[in-house]
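Novice: Take this structure, written in structure tokens, and hold onto it; I'll ask about it next.
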Amino acid sequence: MSESPDTSASDGLPSLLDLPASRWREAMAEWVDAPYRADQVVDWVFRKGVYDFTEMLNLPVELRTGLAQRYSVEPPSINRSFESEDGTQRYLLGLADGLSVEAVTMPYEDRVTLCLSSQVGCRFACRFCQTGVMGLARSLTAGEIVGQVLRLRTELNAPDLPVNIVFMGQGEPLDNAESVSQAIGGLQDPSGPGLSWRRITLSTVGVVPEIKRLAELGAQRPRLAISLNASTDEVRSEIMPVNRKWPISELLAAIRSLSWRTRERVTFEYVLLAGVNDHPEDAQRLGELLRGLPAKVNLIPWNELAGLPYERPSARAIEQFRLQVLRGGLDALVRYSRGTDIAAACGQLHAAVARSG
Ligand code: SAH
């Protein structure tokens, strides 16, 4: 973990958002006359949603200008947003270097789920996913990840609504493990957003060495979701090239090496592709593969993407597959993606700045 703010984030100034809020006192020690000044900055940023030092009115004017010359606390900006009929919003967020990345908010009655990106694009090239088609532009900094949460919370204007975070936007979080871990620490910091690990889910294609290293996060380790998507190496390697490097047996061994906390379960995502991975034998093999793990299976009917050679199974076939998985002794839910009408659904994110609508 890097110990100093990253200078690439904004205007060439180091972003304090790279550091957990409880370390801002230390970071600013040289410039402020008393530690409570740093606490006031934390309060403006994390409680009041003010990201411009010159507007932090309870700070002395010289301190405001001094901090503005040295640091940034500016989260990504909203370039565009698209609202779905189901309340889901997709945002195109502008980064300091001009690139943009997508994030999605999904409101529920008692909470809101924020779907964050960890990279601009992705280099894993899963065949059924639009982000995979983009390739990777770059990884996000910790500050850009924490900044997505700040920007979306400000935008939602519902400060008291509990927030769940899922790393299921663009990118592979474990291909950017250092910044993502740093951000996860920042999001849990009691002086900052103070989120519990239970409210944060990291979804991965299965970067085996990094899954093992998640143990190093200890009590801060987030919930885990694994994009399994097939029950044999043959099919998985075909639709997810990453499987050639880390096949199913190695992936599951890495997951089994983790220790589970009370009521913790690991989610296995399984995108349903008609005729490819939805045979009765797939359901049966899933049961065998995942036996003994505190697993639940999220079946995601494939979201149509133009130009890709797949089809979503019929509603009947989806339900049959779910029942077969249940019979194999696993908990299985069908997760229809939200926001399909605004291209905010799983697999549809690819930062089309020029897209109309
Ligand atoms: N790279 C990480 C984080 C992205 S999560 C990961 O793959 O886990 C995105 C989820 O959407 C993954 O579970 C992926 O399998 C799923 N997905 C991708 N394209 C999809 C599509 N067209 N329809 C439905 N789900 C899709």
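Just remember, in the structure tokens the first chain shown is A, the second B, etc., residues are 1-based per chain, and ligands are 1-based in the order shown.
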Run DSSP on the backbone and give me the residues of segment 39-141 of chain A it puts in helix (DSSP H, G or I), as JSON, numbers by chain.
Specialist: {"A": [39, 40, 41, 42, 43, 44, 45, 46, 47, 48, 53, 54, 55, 61, 62, 63, 64, 65, 66, 67, 68, 69, 70, 130, 131, 132, 133, 134]}
Novice: Grab me every residue within 8 Å of ligand 1, counting only C-alpha atoms and all ligand atoms, and send it over as a PyMOL selection string.
Specialist: chain A and resi 122+124+126+128-131+167-173+202-206+225-229+269-272+300-305+337+345-348
Novice: Write out as a list in words the residues lying within 6 Å of segment 73-86 of chain A, counting only C-alpha atoms and excluding same-chain residues fewer than 3 positions away.
Specialist: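 Residues near the query, excluding close chain neighbours: Ser15, Leu16, Leu17, Tyr51, Gln89, Arg90, Tyr91, Leu92, Leu93, Gly94, Leu95, Gly147, Gly339 and Ile342 of chain A.
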Novice: Taking the DSSP secondary structure from the backbone, can you list the residues of segment 107-272 of chain A that are strand (DSSP E or B), as a ChimeraX atom specification?
Specialist: /A:107,112-115,119-121,136-139,163-167,200-204,223-227,266-272
Novice: So that I have them on file, write out the residues from the current selection with N, CA, C and O atoms, as a tab-separated table (two decimals), in the first residue's frame.
Specialist:
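Dumped everything to out-v4.tsv:
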chain	number	residue	atom	x	y	z
A	107	PRO	N	-31.41	2.51	-6.43
A	107	PRO	CA	-32.13	2.75	-5.18
A	107	PRO	C	-33.09	1.61	-4.84
A	107	PRO	O	-33.75	1.06	-5.74
A	112	VAL	N	-29.38	2.21	-0.83
A	112	VAL	CA	-29.04	2.40	-2.23
A	112	VAL	C	-27.75	1.64	-2.50
A	112	VAL	O	-26.85	1.60	-1.64
A	113	THR	N	-27.69	0.97	-3.63
A	113	THR	CA	-26.48	0.26	-4.00
A	113	THR	C	-25.72	1.09	-5.02
A	113	THR	O	-26.29	1.53	-6.02
A	114	LEU	N	-24.43	1.31	-4.74
A	114	LEU	CA	-23.56	2.03	-5.67
A	114	LEU	C	-22.66	1.02	-6.36
A	114	LEU	O	-21.93	0.28	-5.70
A	115	CYS	N	-22.73	0.98	-7.68
A	115	CYS	CA	-21.89	0.06	-8.45
A	115	CYS	C	-20.71	0.86	-8.99
A	115	CYS	O	-20.88	1.76	-9.81
A	119	GLN	N	-11.43	0.40	-12.82
A	119	GLN	CA	-10.50	0.72	-13.91
A	119	GLN	C	-11.29	1.40	-15.03
A	119	GLN	O	-12.51	1.25	-15.12
A	120	VAL	N	-10.58	2.13	-15.89
A	120	VAL	CA	-11.19	2.62	-17.13
A	120	VAL	C	-10.99	1.51	-18.14
A	120	VAL	O	-9.88	1.24	-18.59
A	121	GLY	N	-12.09	0.80	-18.45
A	121	GLY	CA	-11.98	-0.37	-19.32
A	121	GLY	C	-11.55	-1.59	-18.51
A	121	GLY	O	-11.63	-1.60	-17.28
A	136	LEU	N	-8.13	-2.13	-21.73
A	136	LEU	CA	-7.85	-1.32	-20.54
A	136	LEU	C	-7.20	0.00	-20.92
A	136	LEU	O	-6.21	0.02	-21.65
A	137	ALA	N	-7.75	1.11	-20.41
A	137	ALA	CA	-7.07	2.40	-20.58
A	137	ALA	C	-6.12	2.62	-19.39
A	137	ALA	O	-4.92	2.79	-19.57
A	138	ARG	N	-6.67	2.59	-18.17
A	138	ARG	CA	-5.81	2.65	-16.99
A	138	ARG	C	-6.58	2.25	-15.74
A	138	ARG	O	-7.82	2.21	-15.75
A	139	SER	N	-5.84	2.00	-14.68
A	139	SER	CA	-6.47	1.72	-13.39
A	139	SER	C	-6.81	3.02	-12.69
A	139	SER	O	-6.17	4.05	-12.93
A	163	VAL	N	-25.83	2.84	2.48
A	163	VAL	CA	-25.20	2.64	1.17
A	163	VAL	C	-24.54	1.26	1.12
A	163	VAL	O	-23.83	0.88	2.04
A	164	ASN	N	-24.79	0.52	0.07
A	164	ASN	CA	-24.02	-0.69	-0.22
A	164	ASN	C	-23.15	-0.41	-1.43
A	164	ASN	O	-23.58	0.27	-2.36
A	165	ILE	N	-21.94	-0.93	-1.38
A	165	ILE	CA	-21.00	-0.71	-2.48
A	165	ILE	C	-20.72	-2.05	-3.16
A	165	ILE	O	-20.41	-3.03	-2.49
A	166	VAL	N	-20.82	-2.08	-4.47
A	166	VAL	CA	-20.39	-3.27	-5.19
A	166	VAL	C	-19.35	-2.88	-6.24
A	166	VAL	O	-19.56	-1.93	-7.00
A	167	PHE	N	-18.24	-3.58	-6.26
A	167	PHE	CA	-17.22	-3.36	-7.29
A	167	PHE	C	-17.59	-4.21	-8.49
A	167	PHE	O	-17.01	-5.27	-8.73
A	200	ILE	N	-19.79	-3.92	1.60
A	200	ILE	CA	-18.91	-3.77	0.44
A	200	ILE	C	-18.69	-5.14	-0.20
A	200	ILE	O	-18.31	-6.08	0.49
A	201	THR	N	-18.94	-5.25	-1.49
A	201	THR	CA	-18.73	-6.52	-2.20
A	201	THR	C	-17.77	-6.31	-3.36
A	201	THR	O	-17.97	-5.44	-4.19
A	202	LEU	N	-16.74	-7.13	-3.37
A	202	LEU	CA	-15.77	-7.09	-4.47
A	202	LEU	C	-16.04	-8.27	-5.39
A	202	LEU	O	-16.07	-9.42	-4.95
A	203	SER	N	-16.25	-7.98	-6.66
A	203	SER	CA	-16.52	-9.04	-7.63
A	203	SER	C	-15.29	-9.22	-8.52
A	203	SER	O	-14.73	-8.26	-9.02
A	204	THR	N	-14.90	-10.48	-8.72
A	204	THR	CA	-13.67	-10.73	-9.50
A	204	THR	C	-13.85	-11.84	-10.52
A	204	THR	O	-14.62	-12.77	-10.33
A	223	ARG	N	-16.94	-8.44	1.35
A	223	ARG	CA	-17.60	-9.65	0.84
A	223	ARG	C	-17.03	-9.95	-0.54
A	223	ARG	O	-16.58	-9.05	-1.24
A	224	LEU	N	-17.15	-11.21	-0.92
A	224	LEU	CA	-16.55	-11.63	-2.16
A	224	LEU	C	-17.62	-12.18	-3.12
A	224	LEU	O	-18.52	-12.92	-2.70
A	225	ALA	N	-17.51	-11.79	-4.39
A	225	ALA	CA	-18.34	-12.39	-5.43
A	225	ALA	C	-17.40	-12.86	-6.53
A	225	ALA	O	-16.43	-12.18	-6.86
A	226	ILE	N	-17.66	-14.04	-7.06
A	226	ILE	CA	-16.79	-14.62	-8.07
A	226	ILE	C	-17.59	-14.82	-9.35
A	226	ILE	O	-18.65	-15.46	-9.33
A	227	SER	N	-17.08	-14.28	-10.44
A	227	SER	CA	-17.75	-14.48	-11.73
A	227	SER	C	-17.32	-15.84	-12.28
A	227	SER	O	-16.30	-15.96	-12.94
A	266	VAL	N	-20.19	-16.45	0.17
A	266	VAL	CA	-19.51	-16.00	-1.04
A	266	VAL	C	-20.47	-16.22	-2.21
A	266	VAL	O	-21.10	-17.28	-2.32
A	267	THR	N	-20.61	-15.18	-3.03
A	267	THR	CA	-21.54	-15.24	-4.15
A	267	THR	C	-20.83	-15.74	-5.39
A	267	THR	O	-19.72	-15.30	-5.69
A	268	PHE	N	-21.45	-16.65	-6.11
A	268	PHE	CA	-20.94	-17.06	-7.41
A	268	PHE	C	-21.90	-16.54	-8.47
A	268	PHE	O	-23.08	-16.89	-8.48
A	269	GLU	N	-21.35	-15.63	-9.31
A	269	GLU	CA	-22.18	-15.09	-10.39
A	269	GLU	C	-22.08	-16.04	-11.58
A	269	GLU	O	-21.01	-16.58	-11.89
A	270	TYR	N	-23.22	-16.22	-12.22
A	270	TYR	CA	-23.28	-17.17	-13.32
A	270	TYR	C	-24.16	-16.58	-14.40
A	270	TYR	O	-25.38	-16.57	-14.31
A	271	VAL	N	-23.52	-15.98	-15.41
A	271	VAL	CA	-24.25	-15.37	-16.52
A	271	VAL	C	-24.80	-16.50	-17.39
A	271	VAL	O	-24.05	-17.37	-17.84
A	272	LEU	N	-26.11	-16.50	-17.60
A	272	LEU	CA	-26.71	-17.60	-18.37
A	272	LEU	C	-26.70	-17.31	-19.86
A	272	LEU	O	-27.32	-16.34	-20.34
Novice: Calculated over only C-alpha atoms, which of the candidates A:Thr340, A:Pro309, A:Val242, A:Ser231 has the smallest distance to Leu286 of chain A?
Specialist: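 Nearest to Leu286 of chain A: A:Ser231.
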Novice: Could you check which of A:Asp18, A:Leu150, A:Pro280, A:Ala68 is closest to Val50 of chain A, using only C-alpha atoms?
Specialist: A:Leu150
